[in-house]
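> Submitted below is the structure of interest, expressed as structure tokens.
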Amino acid sequence: MHDFLAGGGPTGALLRAHDWASTPLGAPAGWPQPLKTLVGIMLASNQPMFVAWGPGRNLVYNELYAQVLADKHPAALGRDMLEVWYDIRDDVGPLADQVFRGESVQREDMRLMIWRHGTLEETYFTFFYSPVRDAQGAVAGLFCACTDISDRVFAQRRVRESEARLRGVLDNMGEAFALFDRGFRLVDVNDEGLRLDGRTREQLLGRSHWELYPGTERTPLGEMYHACMADGVPRSTECHYRWEDGRTAWLEVRASLTPQGLALFYRDITRRRRLEQDARLSAERVQLALEAGAIVGTWVWDVTSDCFVADARFARSFGLDAELCRTGLPLAQVKVPIHPDDLPRVEEALSDVLARVGPYRCEYRVLQADGSWHWVEANGHVERDAHGGLRFPGVLLDIESRRRVAAERDQATAMLRSFIEAVPGVVYFKDLEGRMLLANRGVAELLGKPPEVFLGRTDRENLEDKAQAEAVMANDRRIMASGRAEQLEEEVRRPDGTPALWLSTKAPMRDEEGRVIGLIGASVDISERKRDEEALRDSDRRKSEFLAVLSHELRNPLAPIRNGVHVLRRAPAGSPMAARALEIIGRQSDHLARLVDDLLDMTRISRGKIALQRDRVDLNELVRRAADDFSAMLGEGSVHLVTELAPGPLWLHADATRISQVIGNLLHNAIKFTPAHGTIRLSTRAAGGTALLGVRDTGVGMDPGSVDAMFEPFAQGEQTLARSRGGLGLGLPVVKGLVEMHGGSISARSAGPGQGAEFVVVLPQADEPQPPATADGAPARAGAGRHVLIVEDNVDAARTLAELLELEGHVARVATDGRSAIALASQAVPDLVLCDIGLPDMDGYAVARAIRAEPRLLATRLVALSGYAQPEDRRRSQDAGFDDHLAKPPDVDQLLQLIAASDMADR
């Protein structure tokens with residue numbers, strides 16, 4: 001028999017038996033090679049195909065085309081195609097002539113009225129005619145592949161799937177098809193081939209087989225292709241291939257040489273191979289069971305007569321009568337001892353194997369004589385006997401121990417999985433190649449993929465950032481190679497692309513013999529912790545800088561104050577030198593007071609200790625006062641201050657003192673960073689129910705990237721060693737805190753260094769304005785001759801305050817502790833007591849209570865002096881018996897007004 005005539009079903013058999021020698025084609029041995037190749041392809045194909053060869057257009061066709069011919073077959077073999085198709089000769093004759101002139105012809109949905117099955121049928125075919133040339137290049141025949149699409153046309157006349165029609169026979173194959181040219185470049189591929197490959201036609205066509213499927217040229221598959229291309233002999237093989245995306249499959253590949261190149265027919269046989277492997281394993285298990293004595297019964301069931309025969313061991317295992325099992329009993333009786341929960345599954349498995357005829361395997365429990373349930377495994381094979389009946393032999397295996405071990409293993413696995421799912425972060429196990437074999441939910445959340453996608457793949461395949469993937473895999477390889485556990489930090493982006501830092505603890509995984517078989521690890525996201533640590537370091541750095549600045553700023557005014565004191569000791573009283581010294585001491589004292597106020601205010605704001613004294617205030621009026629105060633301070637030839645106020649009042653429900661402090665701090669900041677002859681513009685305006693305060697200068701400006709940091713405590717602009725601009729970096733944070741306490745906001749902007757800066761405060765306007773109260777007359781000055789007792793443990797502070805009051809005409813005495821103060825007050829009743837709260841022996845509250853307990857001292861006015869001046873501090877002073885509460889250091893004018901008010905009250 002000739003190889004090219006092999007197969008092809010009944011029609012193939014007719015071809016092999018046909019008397020070809022009596023036809024113009026002659027004996028098959030003498031057929032031209034192109035004809036042999038086409039015949040071989042046809043007989044291997046599951047599509048209707050024929051060849052019309054020679055001048056007589058003699059027909060050779062396959063089994064499926066025989067079905068198209070219907071009752072014209074088998075008489076059509078070897079006859080002229082136009083004589084066979086006399087009924088459509090007018091339709092296909094011109095086409096055949098065209099082909100024999102060397103042209104290919106293809107028709108889509110061609111309507112043909114064919115006489116077959118005893119009637120004239122309306123049919124539709126999609127087909128192509130291709131000229132087939134002999135060795136001299138002349139057209140020797142016609143090749144046709146066709147598809148009867150009549151049913152489809154009748155059912156869906158309005159539906160035209162152009163791709164399905166164009167591809168014709170190839171896309172209707174039940175297997176994949178690909179055509180490679182002589183250079184092994186892919187010329188065509190059908191839809192099943194695209195489905196198996198997973199890539200688009202555009203990605204495949206025009207590329208060589210070795211480029212599309214790297215590593216295959218030097219394999220048995222590649223060698224088969226080369227051999228087939230060289231000698232034209234059809235070949236087939238089975239191969240296992242792994243695609244670059246990780247998919248694997250067993251493929252059955254048939255290769256045939258055509259004039260266009262190498263035609264491949266292939267299909268996925270993975271399931272078949274798996275079944276074969278399962279069958280081999282099953283046979284091995286049976287053999288091992290026989291050798292180990294694990295078989296606890298054998299049976300043969302004659303399905304046709306329903307006679308189930310089993311040995312004595314089977315009878316014992318099922319608790320059945322041994323004699324009945326020996327002589328035979330119906331299957332229904334055999335199934336009685338099977339556990340009720342397992343019985344439906346057993347019956348389903350039996351129905352399946354009887355329907356398909358083949359191997360059988362099922363595990364279930366059977367009732368023992370002692371009332372316990374025992375696990376068994378039934379293995380058998382349904383086969384047909386010579387008379388067509390079904391015979392079902394099999395063996396019964398005892399798997400109780402195996403099931404118990406499996407249950408314990410499953411329980412341990414479940415416990416392990418529950419544990420790793422409960423562990424925070426990600427937990428994973430990888431093999432030596434870096435493939436993820438086990439992972440918890442945290443890994444899925446990190447990768448943004450379900451386990452079925454990432455399991456079995458490496459980090460290189462799972463992570464979008466390939467550089468990060470390579471770094472992680474390099475760490476894993478180093479740890480597995482060294483055999484030592486490590487803790488390290490690794491960067492892996494989250495699914496949304498945001499960066500993340502992970503603290504990973506990884507260790508090599510070993511088998512029972514101590515060999516490294518992979519890596520186990522756990523990783524925790526420490527991004528937030530790292531940011532917190534960085535913020536803490538930054539905070540510590542800024543605090544350290546602040547302490548250094550504070551030390552510098554506190555020492556700076558002390559030097560001129562000390563120098564001024566030294567000058568006053570030596571300069572004549574009332575001399576210009578003494579006056580300048582006093583002016584310097586006063587200015588530097590104010591600077592010290594401002595530093596302390598900033599420190600206290602920042603502390604109070606951060607702790608929420610400031611209570612606002614809100615009232616109706618006009619923002620424009622507060623700005624005018626601040627501008628007047630600072631204009632006087634600037635003097636001639638210095639910075640130019642310009643005000644641009646909104647028309648009319650801008651009413652706020654606010655604490656006037658704190659808003660004035662906001663304006664003052666912003667002006668002070670602008671003056672500090674604006675050089676001589678620069679301009680500061682102070683403006684207000686109303687916008688959408690808010691009042692806007694703007695302070696813009698032409699000073700040194702800021703880096704736009706550091707603008708927001710200016711509102712952080714202790715932050716300062718760039719300073720030189722001279723620190724000529726000074727400050728603690730608290731002015732702007734205090735402003736921000738006070739503004740936000742009023743329900744407002746502050747923003748800053750600068751075009752860059754040397755471009756000046758602008759600060760804008762937005763505050764809510766009051767709904768209805770209320771005219772501010774006016775004060776009548778000038779502040780009263782103190783009268784003379786008041787007796788004042790000063791209680792202060794700081795001797796210098798007490799003496800300077802006493803001397804100040806004596807210069808104003810009062811009589812002042814000093815006590816440096818509480819008990820001395822009470823004794824002096826009892827000896828000579830004072831008009832006013834200025835008492836510090838923090839004293840060495842007893843606090844100021846106890847002193848106040850003791851004085852109030854003396855009837856002779858009831859008229860004495862008590863004033864508390866304290867570095868703490870919050871509302872709760874004032875309430876506590878009032879509860880102890882104090883009439884007033886002044887913050888340290890007391891403002892001199894305010895103190896003198898208080899004494900004057902006391903004097904006027906007495907009169």
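Starting from 1 in every chain, residues are counted up; chains themselves are A, B, ... following the order of the structure tokens, and ligands are numbered from 1 as listed.
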May I have all residues of stretch 343-491 of chain A that DSSP, computed from the backbone, assigns to helix (DSSP H, G or I), given as a count of residues only?

69

> Find the residues around A:Gln333 up to 9 Å (only C-alpha atoms counted), leave out those fewer than 4 positions away in its own chain, and share them as a compact mmCIF listing (two decimals) with N, CA and C atoms, in the first residue's frame.


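Writing the result to result_28.txt gives the following:
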# COMPACT_ATOMS: atom_id res chain seq x y z
N LEU A 320 -20.76 -8.95 53.17
CA LEU A 320 -21.73 -9.73 52.41
C LEU A 320 -21.50 -11.22 52.60
N LEU A 329 -24.56 -11.99 42.57
CA LEU A 329 -25.73 -11.30 43.10
C LEU A 329 -25.88 -9.97 42.35
N PRO A 337 -24.04 -1.80 51.54
CA PRO A 337 -23.13 -1.39 52.63
C PRO A 337 -22.42 -0.04 52.40

> So which residues touch A:Ala332 within 12 Å, counting only C-alpha atoms, skipping near sequence neighbours fewer than 6 positions away, as a VMD selection string?

chain A and resid 301 303 306 to 308 338 343 347

> Which residue, A:Leu730, A:Leu251, A:Asp817, A:Leu763, has the smallest gap to A:Ile746 when you use only C-alpha atoms?

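Of the candidates, the smallest distance to A:Ile746 is held by A:Leu763.
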
> Can you tell me which residues surround A:Ala138 at a distance of at most 12 Å, considering only C-alpha atoms, apart from same-chain residues fewer than 2 positions away, and format the answer as an MDAnalysis selection string?

chainID A and resid 34 54:55 99:103 131:136 140:142

> For the residues in that selection, give me all heavy atoms as a compact mmCIF listing (two decimals), in the first residue's frame.


# COMPACT_ATOMS: atom_id res chain seq x y z
N PRO A 34 3.18 15.93 -6.78
CA PRO A 34 2.17 16.87 -6.28
C PRO A 34 0.82 16.22 -6.04
O PRO A 34 0.13 16.51 -5.08
CB PRO A 34 2.10 17.94 -7.38
CG PRO A 34 3.45 17.91 -8.02
CD PRO A 34 3.86 16.46 -8.01
N GLY A 54 -5.20 16.18 -14.64
CA GLY A 54 -4.98 15.91 -16.05
C GLY A 54 -5.99 16.57 -16.96
O GLY A 54 -6.96 17.20 -16.51
N PRO A 55 -5.79 16.40 -18.28
CA PRO A 55 -6.71 17.00 -19.25
C PRO A 55 -8.13 16.48 -19.09
O PRO A 55 -9.09 17.19 -19.38
CB PRO A 55 -6.12 16.59 -20.61
CG PRO A 55 -4.68 16.26 -20.33
CD PRO A 55 -4.65 15.70 -18.95
N VAL A 99 -8.95 27.87 -13.91
CA VAL A 99 -7.89 27.28 -13.09
C VAL A 99 -6.85 26.61 -13.98
O VAL A 99 -5.63 26.75 -13.77
CB VAL A 99 -8.48 26.28 -12.08
CG1 VAL A 99 -7.36 25.53 -11.35
CG2 VAL A 99 -9.35 27.01 -11.07
N PHE A 100 -7.30 25.88 -15.00
CA PHE A 100 -6.34 25.20 -15.87
C PHE A 100 -5.55 26.18 -16.73
O PHE A 100 -4.57 25.80 -17.35
CB PHE A 100 -7.07 24.15 -16.73
CG PHE A 100 -7.25 22.83 -16.02
CD1 PHE A 100 -8.40 22.56 -15.29
CD2 PHE A 100 -6.25 21.87 -16.03
CE1 PHE A 100 -8.56 21.37 -14.61
CE2 PHE A 100 -6.40 20.67 -15.36
CZ PHE A 100 -7.55 20.41 -14.64
N ARG A 101 -5.99 27.45 -16.74
CA ARG A 101 -5.18 28.48 -17.37
C ARG A 101 -4.15 29.05 -16.38
O ARG A 101 -3.41 29.97 -16.72
CB ARG A 101 -6.07 29.60 -17.89
CG ARG A 101 -6.89 29.19 -19.10
CD ARG A 101 -7.45 30.43 -19.82
NE ARG A 101 -8.30 31.22 -18.97
CZ ARG A 101 -9.62 31.06 -18.85
NH1 ARG A 101 -10.24 30.09 -19.54
NH2 ARG A 101 -10.33 31.84 -18.07
N GLY A 102 -4.14 28.52 -15.19
CA GLY A 102 -3.14 28.94 -14.21
C GLY A 102 -3.65 29.94 -13.16
O GLY A 102 -2.85 30.49 -12.41
N GLU A 103 -4.93 30.15 -13.11
CA GLU A 103 -5.48 31.12 -12.16
C GLU A 103 -6.19 30.38 -11.02
O GLU A 103 -6.83 29.36 -11.24
CB GLU A 103 -6.49 32.04 -12.87
CG GLU A 103 -5.90 32.82 -14.04
CD GLU A 103 -6.97 33.62 -14.76
OE1 GLU A 103 -8.00 33.92 -14.14
OE2 GLU A 103 -6.77 33.95 -15.95
N PRO A 131 -4.81 25.88 -8.98
CA PRO A 131 -4.07 25.09 -9.97
C PRO A 131 -2.92 24.35 -9.29
O PRO A 131 -2.26 24.88 -8.39
CB PRO A 131 -3.56 26.14 -10.94
CG PRO A 131 -3.52 27.41 -10.17
CD PRO A 131 -4.64 27.31 -9.17
N VAL A 132 -2.71 23.14 -9.72
CA VAL A 132 -1.61 22.33 -9.20
C VAL A 132 -0.66 22.07 -10.38
O VAL A 132 -1.07 21.57 -11.44
CB VAL A 132 -2.10 20.99 -8.63
CG1 VAL A 132 -0.92 20.22 -8.05
CG2 VAL A 132 -3.15 21.23 -7.57
N ARG A 133 0.60 22.43 -10.21
CA ARG A 133 1.56 22.36 -11.32
C ARG A 133 2.44 21.11 -11.19
O ARG A 133 2.73 20.63 -10.09
CB ARG A 133 2.43 23.61 -11.33
CG ARG A 133 1.59 24.88 -11.51
CD ARG A 133 2.45 26.14 -11.57
NE ARG A 133 1.61 27.32 -11.64
CZ ARG A 133 1.11 27.82 -12.78
NH1 ARG A 133 1.40 27.22 -13.93
NH2 ARG A 133 0.34 28.89 -12.77
N ASP A 134 2.87 20.63 -12.35
CA ASP A 134 3.76 19.48 -12.36
C ASP A 134 5.21 19.96 -12.23
O ASP A 134 5.47 21.15 -12.01
CB ASP A 134 3.57 18.65 -13.63
CG ASP A 134 3.82 19.46 -14.91
OD1 ASP A 134 4.47 20.53 -14.81
OD2 ASP A 134 3.36 19.03 -15.99
N ALA A 135 6.14 19.02 -12.37
CA ALA A 135 7.55 19.35 -12.18
C ALA A 135 8.04 20.36 -13.20
O ALA A 135 9.01 21.10 -12.95
CB ALA A 135 8.40 18.07 -12.25
N GLN A 136 7.39 20.44 -14.39
CA GLN A 136 7.82 21.39 -15.41
C GLN A 136 7.14 22.76 -15.24
O GLN A 136 7.39 23.68 -16.02
CB GLN A 136 7.50 20.84 -16.81
CG GLN A 136 8.37 19.68 -17.25
CD GLN A 136 8.05 18.40 -16.49
OE1 GLN A 136 6.88 18.11 -16.25
NE2 GLN A 136 9.09 17.64 -16.11
N ALA A 140 -1.19 20.96 -14.07
CA ALA A 140 -1.50 19.56 -14.30
C ALA A 140 -2.83 19.16 -13.68
O ALA A 140 -3.36 18.09 -13.98
CB ALA A 140 -0.39 18.67 -13.73
N GLY A 141 -3.33 19.99 -12.79
CA GLY A 141 -4.57 19.61 -12.13
C GLY A 141 -5.19 20.75 -11.35
O GLY A 141 -4.67 21.87 -11.32
N LEU A 142 -6.29 20.43 -10.73
CA LEU A 142 -7.06 21.40 -9.95
C LEU A 142 -7.29 20.82 -8.56
O LEU A 142 -7.70 19.65 -8.44
CB LEU A 142 -8.40 21.67 -10.65
CG LEU A 142 -9.42 22.57 -9.97
CD1 LEU A 142 -10.30 23.22 -11.04
CD2 LEU A 142 -10.33 21.77 -9.02

> Could you give me, as number ranges by chain, the residues within 12 Å of A:Arg384, counting only C-alpha atoms and dropping anything in the same chain fewer than 2 positions from it?

A: 302-304, 354-358, 381-382, 386-393

> Calculated over only C-alpha atoms, which of the candidates A:Ala864, A:Ala859, A:Ala44, A:Leu600 has the smallest distance to A:Arg876?

A:Ala864

> Pick the closest to A:Val735 from A:Arg813, A:Arg696, A:Arg242, A:His668: which is it, counting only C-alpha atoms?

A:His668

> Name the closest residue to A:Tyr360 among the candidates A:Arg326, A:Val395, A:Thr413, A:Ala766; distances are taken between atoms, counting only C-alpha atoms.

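Going through A:Arg326, A:Val395, A:Thr413, A:Ala766 one by one, the smallest distance to A:Tyr360 is for A:Val395.
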
> Quick one: residues within 10 Å of A:Tyr428, only C-alpha atoms, excluding same-chain residues fewer than 2 positions away - as a count of residues only?

17

> Which residue is closest to A:Ile790? Choose from A:Val863, A:Ala626, A:Ile526, A:Leu857 and count only C-alpha atoms.

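Comparing A:Val863, A:Ala626, A:Ile526, A:Leu857 against A:Ile790, the winner is A:Val863.
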
> Find the spatial neighbours of A:Arg365, counting only C-alpha atoms, within a cut-off of 8 Å - ignore same-chain residues fewer than 5 positions away - and output them as a VMD selection string.

chain A and resid 338 to 339 342 373 to 376

> Grab the atom CA of A:Pro340 to atom CA of A:Tyr364 distance for me, in Å with one decimal place.

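So the two atoms, atom CA of A:Pro340 and atom CA of A:Tyr364, lie 9.9 Å apart.
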
> With distances taken over only C-alpha atoms, which of A:Ala444, A:Val695, A:Val105, A:Ile114 is nearest to A:Glu421?

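Using only C-alpha atoms, the shortest distance to A:Glu421 belongs to A:Ala444.
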